[in-house]
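Okay, so here's the structure we're looking at.
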Amino acid sequence: MNKEKIRKEEFAISGEKLVSTVKKLVRQGNIRRVTIKNKEGKTLIEIPLTVGVVGAVLLPTLAAIAALVTECTIVVEKVEEEGEPSQE
C-alpha cells in the first residue's frame with residue numbers, strides 16, 4: 001500500500017493572473033489545498049479542493065480577490081504517492 005506525501009509549493013504572482021493560475025494548477029490534478037496570501041503574508045482565502053470544487057462557485061471569489069490585490073502568493077499542497085519521483 002502506498003502512503004501519501006504532501007508537498008507545498010509557493011508561487012508569487014500578480015493579482016491579474018490569480019484566476020488563470022489557480023485554474024491551471026487545479027487542472028494538473030493531485031492538489032489537496034490552495035491558499036491565497038497577500039504580499040504581507042496574510043491568508044486571504046484557503047480552499048480545500050475536492051473534485052470539481054473550483055468552478056462557477058469559486059471563480060467570482062477569486063476574481064474579487066484578484067481585483068483587490070496587486071501581488072499575492074499561491075501556496076499549493078500537492079499529494080504524491082510515496083515512491084513517486086519529486087518534481088523539484
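Just so we're on the same page: first chain in the C-alpha cells is A, next is B, and so on; residues restart at 1 for each chain, and ligands are numbered from 1 in the order they show up.
Residues within 9 Å of segment 8-20 of chain A, counting only C-alpha atoms and excluding same-chain residues fewer than 4 positions away, are A:Lys24, A:Leu25, A:Ile36, A:Lys39, A:Leu59, A:Leu62, A:Ala63, A:Ile65, A:Ala66, A:Ala67, A:Leu68, A:Val69, A:Thr70, A:Glu71, A:Cys72, A:Thr73, A:Ile74, A:Val75, A:Val76, A:Glu77, A:Lys78.
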I need the residues of segment 21-75 of chain A that end up classed as helix (DSSP H, G or I) by DSSP on the backbone, written out as a ChimeraX atom specification. /A:21-28,59-68
Selection export as a PDB file, in the first residue's frame, atoms kept: N, CA and C atoms:
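Output file result_15.pdb follows:
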ATOM      1  N   THR A  21      -4.041  31.267 -13.042  1.00  0.00           N
ATOM      2  CA  THR A  21      -3.031  30.405 -12.417  1.00  0.00           C
ATOM      3  C   THR A  21      -3.682  29.321 -11.570  1.00  0.00           C
ATOM      4  N   VAL A  22      -4.688  29.672 -10.785  1.00  0.00           N
ATOM      5  CA  VAL A  22      -5.379  28.684  -9.957  1.00  0.00           C
ATOM      6  C   VAL A  22      -6.058  27.644 -10.845  1.00  0.00           C
ATOM      7  N   LYS A  23      -6.714  28.080 -11.921  1.00  0.00           N
ATOM      8  CA  LYS A  23      -7.361  27.134 -12.834  1.00  0.00           C
ATOM      9  C   LYS A  23      -6.338  26.155 -13.408  1.00  0.00           C
ATOM     10  N   LYS A  24      -5.191  26.682 -13.817  1.00  0.00           N
ATOM     11  CA  LYS A  24      -4.142  25.852 -14.404  1.00  0.00           C
ATOM     12  C   LYS A  24      -3.624  24.826 -13.393  1.00  0.00           C
ATOM     13  N   LEU A  25      -3.419  25.262 -12.164  1.00  0.00           N
ATOM     14  CA  LEU A  25      -2.925  24.358 -11.123  1.00  0.00           C
ATOM     15  C   LEU A  25      -3.931  23.247 -10.814  1.00  0.00           C
ATOM     16  N   VAL A  26      -5.193  23.601 -10.749  1.00  0.00           N
ATOM     17  CA  VAL A  26      -6.225  22.613 -10.437  1.00  0.00           C
ATOM     18  C   VAL A  26      -6.341  21.581 -11.555  1.00  0.00           C
ATOM     19  N   ARG A  27      -6.198  22.016 -12.802  1.00  0.00           N
ATOM     20  CA  ARG A  27      -6.254  21.089 -13.929  1.00  0.00           C
ATOM     21  C   ARG A  27      -5.132  20.053 -13.874  1.00  0.00           C
ATOM     22  N   GLN A  28      -4.007  20.393 -13.250  1.00  0.00           N
ATOM     23  CA  GLN A  28      -2.885  19.466 -13.140  1.00  0.00           C
ATOM     24  C   GLN A  28      -3.242  18.262 -12.269  1.00  0.00           C
ATOM     25  N   LEU A  59     -14.925  30.922  -8.741  1.00  0.00           N
ATOM     26  CA  LEU A  59     -14.317  31.874  -9.669  1.00  0.00           C
ATOM     27  C   LEU A  59     -14.657  33.333  -9.364  1.00  0.00           C
ATOM     28  N   PRO A  60     -15.912  33.666  -9.016  1.00  0.00           N
ATOM     29  CA  PRO A  60     -16.187  35.063  -8.661  1.00  0.00           C
ATOM     30  C   PRO A  60     -15.413  35.518  -7.419  1.00  0.00           C
ATOM     31  N   THR A  61     -15.226  34.618  -6.456  1.00  0.00           N
ATOM     32  CA  THR A  61     -14.463  34.952  -5.254  1.00  0.00           C
ATOM     33  C   THR A  61     -13.007  35.220  -5.600  1.00  0.00           C
ATOM     34  N   LEU A  62     -12.428  34.354  -6.418  1.00  0.00           N
ATOM     35  CA  LEU A  62     -11.038  34.562  -6.831  1.00  0.00           C
ATOM     36  C   LEU A  62     -10.888  35.848  -7.644  1.00  0.00           C
ATOM     37  N   ALA A  63     -11.873  36.137  -8.495  1.00  0.00           N
ATOM     38  CA  ALA A  63     -11.821  37.365  -9.292  1.00  0.00           C
ATOM     39  C   ALA A  63     -11.893  38.597  -8.398  1.00  0.00           C
ATOM     40  N   ALA A  64     -12.704  38.539  -7.345  1.00  0.00           N
ATOM     41  CA  ALA A  64     -12.804  39.670  -6.409  1.00  0.00           C
ATOM     42  C   ALA A  64     -11.486  39.877  -5.665  1.00  0.00           C
ATOM     43  N   ILE A  65     -10.858  38.799  -5.244  1.00  0.00           N
ATOM     44  CA  ILE A  65      -9.562  38.902  -4.560  1.00  0.00           C
ATOM     45  C   ILE A  65      -8.532  39.473  -5.521  1.00  0.00           C
ATOM     46  N   ALA A  66      -8.544  38.993  -6.757  1.00  0.00           N
ATOM     47  CA  ALA A  66      -7.591  39.476  -7.762  1.00  0.00           C
ATOM     48  C   ALA A  66      -7.732  40.982  -7.977  1.00  0.00           C
ATOM     49  N   ALA A  67      -8.972  41.485  -7.906  1.00  0.00           N
ATOM     50  CA  ALA A  67      -9.202  42.914  -8.099  1.00  0.00           C
ATOM     51  C   ALA A  67      -8.670  43.739  -6.927  1.00  0.00           C
ATOM     52  N   LEU A  68      -8.566  43.117  -5.741  1.00  0.00           N
ATOM     53  CA  LEU A  68      -8.142  43.848  -4.542  1.00  0.00           C
ATOM     54  C   LEU A  68      -6.639  43.812  -4.297  1.00  0.00           C
TER      55      LEU A  68
END
Find the residues near Val79 of chain A: any atom within 10 Å, counting only C-alpha atoms, skip ones fewer than 3 places away on the same chain, and give them as a ChimeraX atom specification. /A:3-8,29-33,76,82
Could you please take those selected residues and save N, CA and C atoms as a compact mmCIF listing (two decimals), in the first residue's frame?
# COMPACT_ATOMS: atom_id res chain seq x y z
N LYS A 3 1.84 5.17 0.60
CA LYS A 3 1.48 6.27 1.50
C LYS A 3 1.52 7.57 0.72
N GLU A 4 0.67 8.51 1.16
CA GLU A 4 0.65 9.82 0.52
C GLU A 4 1.66 10.73 1.18
N LYS A 5 2.28 11.55 0.38
CA LYS A 5 3.24 12.54 0.86
C LYS A 5 2.72 13.91 0.39
N ILE A 6 2.68 14.87 1.30
CA ILE A 6 2.19 16.21 0.97
C ILE A 6 3.40 17.11 0.73
N ARG A 7 3.38 17.83 -0.38
CA ARG A 7 4.45 18.76 -0.72
C ARG A 7 3.83 20.13 -0.97
N LYS A 8 4.47 21.17 -0.46
CA LYS A 8 3.96 22.53 -0.66
C LYS A 8 4.83 23.26 -1.68
N GLY A 29 -4.21 18.43 -11.40
CA GLY A 29 -4.65 17.34 -10.53
C GLY A 29 -3.77 17.21 -9.30
N ASN A 30 -4.02 16.21 -8.50
CA ASN A 30 -3.34 15.85 -7.25
C ASN A 30 -3.10 17.02 -6.29
N ILE A 31 -3.96 18.03 -6.32
CA ILE A 31 -3.83 19.17 -5.41
C ILE A 31 -4.85 19.03 -4.29
N ARG A 32 -4.39 19.15 -3.07
CA ARG A 32 -5.25 18.99 -1.91
C ARG A 32 -5.81 20.33 -1.43
N ARG A 33 -5.00 21.37 -1.45
CA ARG A 33 -5.43 22.66 -0.90
C ARG A 33 -4.71 23.80 -1.62
N VAL A 76 0.34 25.94 -2.71
CA VAL A 76 -0.35 24.75 -3.21
C VAL A 76 0.16 23.53 -2.45
N GLU A 82 3.96 7.84 -2.19
CA GLU A 82 5.31 7.55 -1.76
C GLU A 82 5.96 6.68 -2.84
